[in-house]
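Student: Please find one structure pasted underneath; my questions will follow.
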Amino acid sequence: MSTELQSAAKLAHHPPPVTKPGMTASLLQDYRELFKVKVMALVVVTGAAGFYLGAAQSGISSFSGDLLVTLIGIGLISAGAGALNEAMERRTDARMVRTSQRPMAAGRISLPHGIIAGIAVIGLGAFWLLQTNLLTVSLALLTAFTYVAIYTPLKRITTLATFIGAFPGAMGPLLGWTAARGRIEWPGVALFAILFVWQFPHFMSIAWLYRADYARAGIRMLPVVQPDGWSTVVEAMFYAVAMIPVSLLPWRLGVAGLPYAIVALLLDGLYLGYTIRFTKILRTSNEVESRSVARDLLKVSVLFLPVLLITLMLDASWGHLQ
């Protein structure tokens with residue numbers, strides 16, 4: 001029996017006790033989980049990349065006070081959306097091994113507490129972000145609405161939720177771009193497209209690793225609905241191939257030069273190679289091997305994005321200095 005199945009059996013027979021803040025975790029730790037700080041960090045980092053590149057196009061300092069304003073604002077809105085997401089998913093989270101100890105699922109934070117905190121933080125973030133421009137505020141609030149009100153409830157209804165959820169998941173760099181430039185432009189859309197396409201092999205590896213958990217919670221991920229793995233592999237492969245032309249868009253649009261394009265192609269080859277390796281899940285009945293190739297794809301996806309964005313920013317800076 002796999003480690004995940006053993007943990008699931010233990011959870012089914014011995015559900016986690018209902019605790020209060022400070023008993024098994026401090027209130028600060030619970031808030032960190034409630035506000036999904038790891039997800040917020042991704043939004044902030046990609047938002048910083050978008051602002052940096054947009055500022056470089058405008059010829060202004062990339063490290064101006066507007067950058068800090070932007071990152072605080074989009075970070076707060078992301079955190080508030082994360083809290084509302086956990087409020088809506090508290091019951092499904094309680095059924096999953098990897099999420100059963102989230103503060104609302106475990107009862108350490110009450111439903112009214114979580115909802116009020118989420119709405120308050122979104123409101124604070126929107127107010128703070130007004131220091132940039134109304135377009136960025138509107139896009140950030142639309143992102144939060146899509147994530148909470150559309151993506152979250154659809155996860156238990158249709159596998160299309162993953163596709164829909166990729167839209168708010170890709171908004172970070174576009175928000176940074178509009179904060180710096182005040183308008184939506186093709187280079188900003190290209191950054192959005194990179195984040196959008198990148199998510200699918202990343203998501204499919206996670207979905208395969210935790211398919212038993214998702215099934216237990218009634219979440220309609222592809223490996224749950226079609227457990228043979230074919231649809232999971234096809235979707236991961238399609239977007240890994242699509243990443244090649246999409247990652248080259250900043251070069252084609254003149255935001256970056258040939259050095260970026262070369263590094264992007266090398267990274268694309270690595271990402272595609274590990275996605276091809278991921279197809280082993282179709283040919284093996286060995287759960288250990290199946291989880292290993294999925295975990296390797298996950299690790300490469302986590303490496304791919306920051307290296308690509310850092311290369312893009314360095315290349316854009318070098319071109320701007322010349």
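So you can find residues: chains in the structure tokens are A, B, ... in the order shown, residues in each start at 1, and ligands are numbered from 1 in order.
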For the interface of stretch 119-233 of chain A with stretch 251-255 of chain A (cut-off 12 Å, counting only C-alpha atoms), please tabulate each contacting residue of stretch 119-233 of chain A alongside its nearest pair of atoms and their separation in Å to one decimal, rows sorted by chain and increasing number, as CSV.

Tutor:
```
residue,atom,partner,partner_atom,distance
A:Glu185,CA,A:Leu253,CA,10.6
A:Trp186,CA,A:Leu253,CA,7.8
A:Pro187,CA,A:Leu253,CA,6.6
A:Gly188,CA,A:Val255,CA,10.0
A:Val189,CA,A:Leu253,CA,10.8
A:Ala190,CA,A:Leu253,CA,8.7
A:Leu191,CA,A:Val255,CA,10.6
```

Student: Neighbours of stretch 256-258 of chain A within 7 Å (only C-alpha atoms; same-chain residues fewer than 5 positions away dropped), as a list in words?

Tutor: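 Listing them by chain and then by number gives Pro250, Trp251, Leu312, Asp315 and Ala316 of chain A.
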
Student: Using only C-alpha atoms, which of A:Met221, A:Ala294, A:Gln226, A:Leu209 sits nearest A:Arg98?

Tutor: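 Checking each of A:Met221, A:Ala294, A:Gln226, A:Leu209 against A:Arg98, counting only C-alpha atoms, the winner is A:Leu209.
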
Student: Using only C-alpha atoms, find each residue in stretch 119-167 of chain A having at least one atom no more than 8 Å away from stretch 77-81 of chain A; report its shortest atom-to-atom pair and that distance in Å (one decimal), rows by chain then rising number, as a tab-separated table.

Tutor:
```
residue	atom	partner	partner_atom	distance
A:Ile119	CA	A:Gly80	CA	6.2
A:Ala120	CA	A:Gly80	CA	7.4
A:Val121	CA	A:Gly80	CA	5.0
A:Ile122	CA	A:Ile77	CA	4.4
A:Gly123	CA	A:Ile77	CA	7.5
A:Leu124	CA	A:Ile77	CA	7.8
A:Gly125	CA	A:Ile77	CA	5.1
A:Ala126	CA	A:Ile77	CA	6.8
A:Ala140	CA	A:Ile77	CA	7.1
A:Leu141	CA	A:Ile77	CA	7.4
A:Ala144	CA	A:Ala81	CA	5.4
A:Phe145	CA	A:Ala81	CA	7.8
A:Tyr147	CA	A:Ala81	CA	7.2
A:Val148	CA	A:Ala81	CA	6.3
```

Student: Just to be explicit: take each residue in the selection above, keep N, CA and C atoms, and write the result as a PDB file, in the first residue's frame.

Tutor:
```
ATOM      1  N   ILE A 119     -12.430  38.972   2.811  1.00  0.00           N
ATOM      2  CA  ILE A 119     -13.028  40.168   2.213  1.00  0.00           C
ATOM      3  C   ILE A 119     -12.266  41.418   2.631  1.00  0.00           C
ATOM      4  N   ALA A 120     -11.893  41.493   3.914  1.00  0.00           N
ATOM      5  CA  ALA A 120     -11.169  42.665   4.412  1.00  0.00           C
ATOM      6  C   ALA A 120      -9.825  42.833   3.718  1.00  0.00           C
ATOM      7  N   VAL A 121      -9.109  41.733   3.531  1.00  0.00           N
ATOM      8  CA  VAL A 121      -7.781  41.813   2.908  1.00  0.00           C
ATOM      9  C   VAL A 121      -7.902  42.165   1.424  1.00  0.00           C
ATOM     10  N   ILE A 122      -8.907  41.628   0.736  1.00  0.00           N
ATOM     11  CA  ILE A 122      -9.129  42.015  -0.661  1.00  0.00           C
ATOM     12  C   ILE A 122      -9.440  43.507  -0.753  1.00  0.00           C
ATOM     13  N   GLY A 123     -10.305  43.991   0.139  1.00  0.00           N
ATOM     14  CA  GLY A 123     -10.649  45.413   0.140  1.00  0.00           C
ATOM     15  C   GLY A 123      -9.441  46.290   0.400  1.00  0.00           C
ATOM     16  N   LEU A 124      -8.625  45.895   1.359  1.00  0.00           N
ATOM     17  CA  LEU A 124      -7.415  46.649   1.663  1.00  0.00           C
ATOM     18  C   LEU A 124      -6.459  46.653   0.471  1.00  0.00           C
ATOM     19  N   GLY A 125      -6.323  45.492  -0.175  1.00  0.00           N
ATOM     20  CA  GLY A 125      -5.440  45.408  -1.331  1.00  0.00           C
ATOM     21  C   GLY A 125      -5.915  46.280  -2.480  1.00  0.00           C
ATOM     22  N   ALA A 126      -7.232  46.288  -2.735  1.00  0.00           N
ATOM     23  CA  ALA A 126      -7.778  47.110  -3.819  1.00  0.00           C
ATOM     24  C   ALA A 126      -7.574  48.598  -3.519  1.00  0.00           C
ATOM     25  N   ALA A 140      -7.163  43.096 -11.119  1.00  0.00           N
ATOM     26  CA  ALA A 140      -6.865  42.320  -9.913  1.00  0.00           C
ATOM     27  C   ALA A 140      -8.144  41.812  -9.259  1.00  0.00           C
ATOM     28  N   LEU A 141      -9.173  42.672  -9.180  1.00  0.00           N
ATOM     29  CA  LEU A 141     -10.444  42.250  -8.592  1.00  0.00           C
ATOM     30  C   LEU A 141     -11.147  41.212  -9.472  1.00  0.00           C
ATOM     31  N   ALA A 144      -9.497  37.912  -8.745  1.00  0.00           N
ATOM     32  CA  ALA A 144      -9.965  37.330  -7.478  1.00  0.00           C
ATOM     33  C   ALA A 144     -11.367  36.750  -7.642  1.00  0.00           C
ATOM     34  N   PHE A 145     -12.233  37.458  -8.353  1.00  0.00           N
ATOM     35  CA  PHE A 145     -13.607  36.991  -8.562  1.00  0.00           C
ATOM     36  C   PHE A 145     -13.616  35.679  -9.352  1.00  0.00           C
ATOM     37  N   TYR A 147     -11.254  33.448  -9.624  1.00  0.00           N
ATOM     38  CA  TYR A 147     -10.669  32.376  -8.819  1.00  0.00           C
ATOM     39  C   TYR A 147     -11.650  31.854  -7.780  1.00  0.00           C
ATOM     40  N   VAL A 148     -12.326  32.773  -7.085  1.00  0.00           N
ATOM     41  CA  VAL A 148     -13.193  32.391  -5.971  1.00  0.00           C
ATOM     42  C   VAL A 148     -14.576  31.951  -6.450  1.00  0.00           C
TER      43      VAL A 148
END
```

Student: Can you tell me, as number ranges by chain, what residues are no more than 9 Å from stretch 231-239 of chain A when counting only C-alpha atoms, ignoring any on the same chain fewer than 5 positions away?

Tutor: A: 197-205, 207-208, 222-223, 226, 244, 272, 275-276, 278-279, 281-282
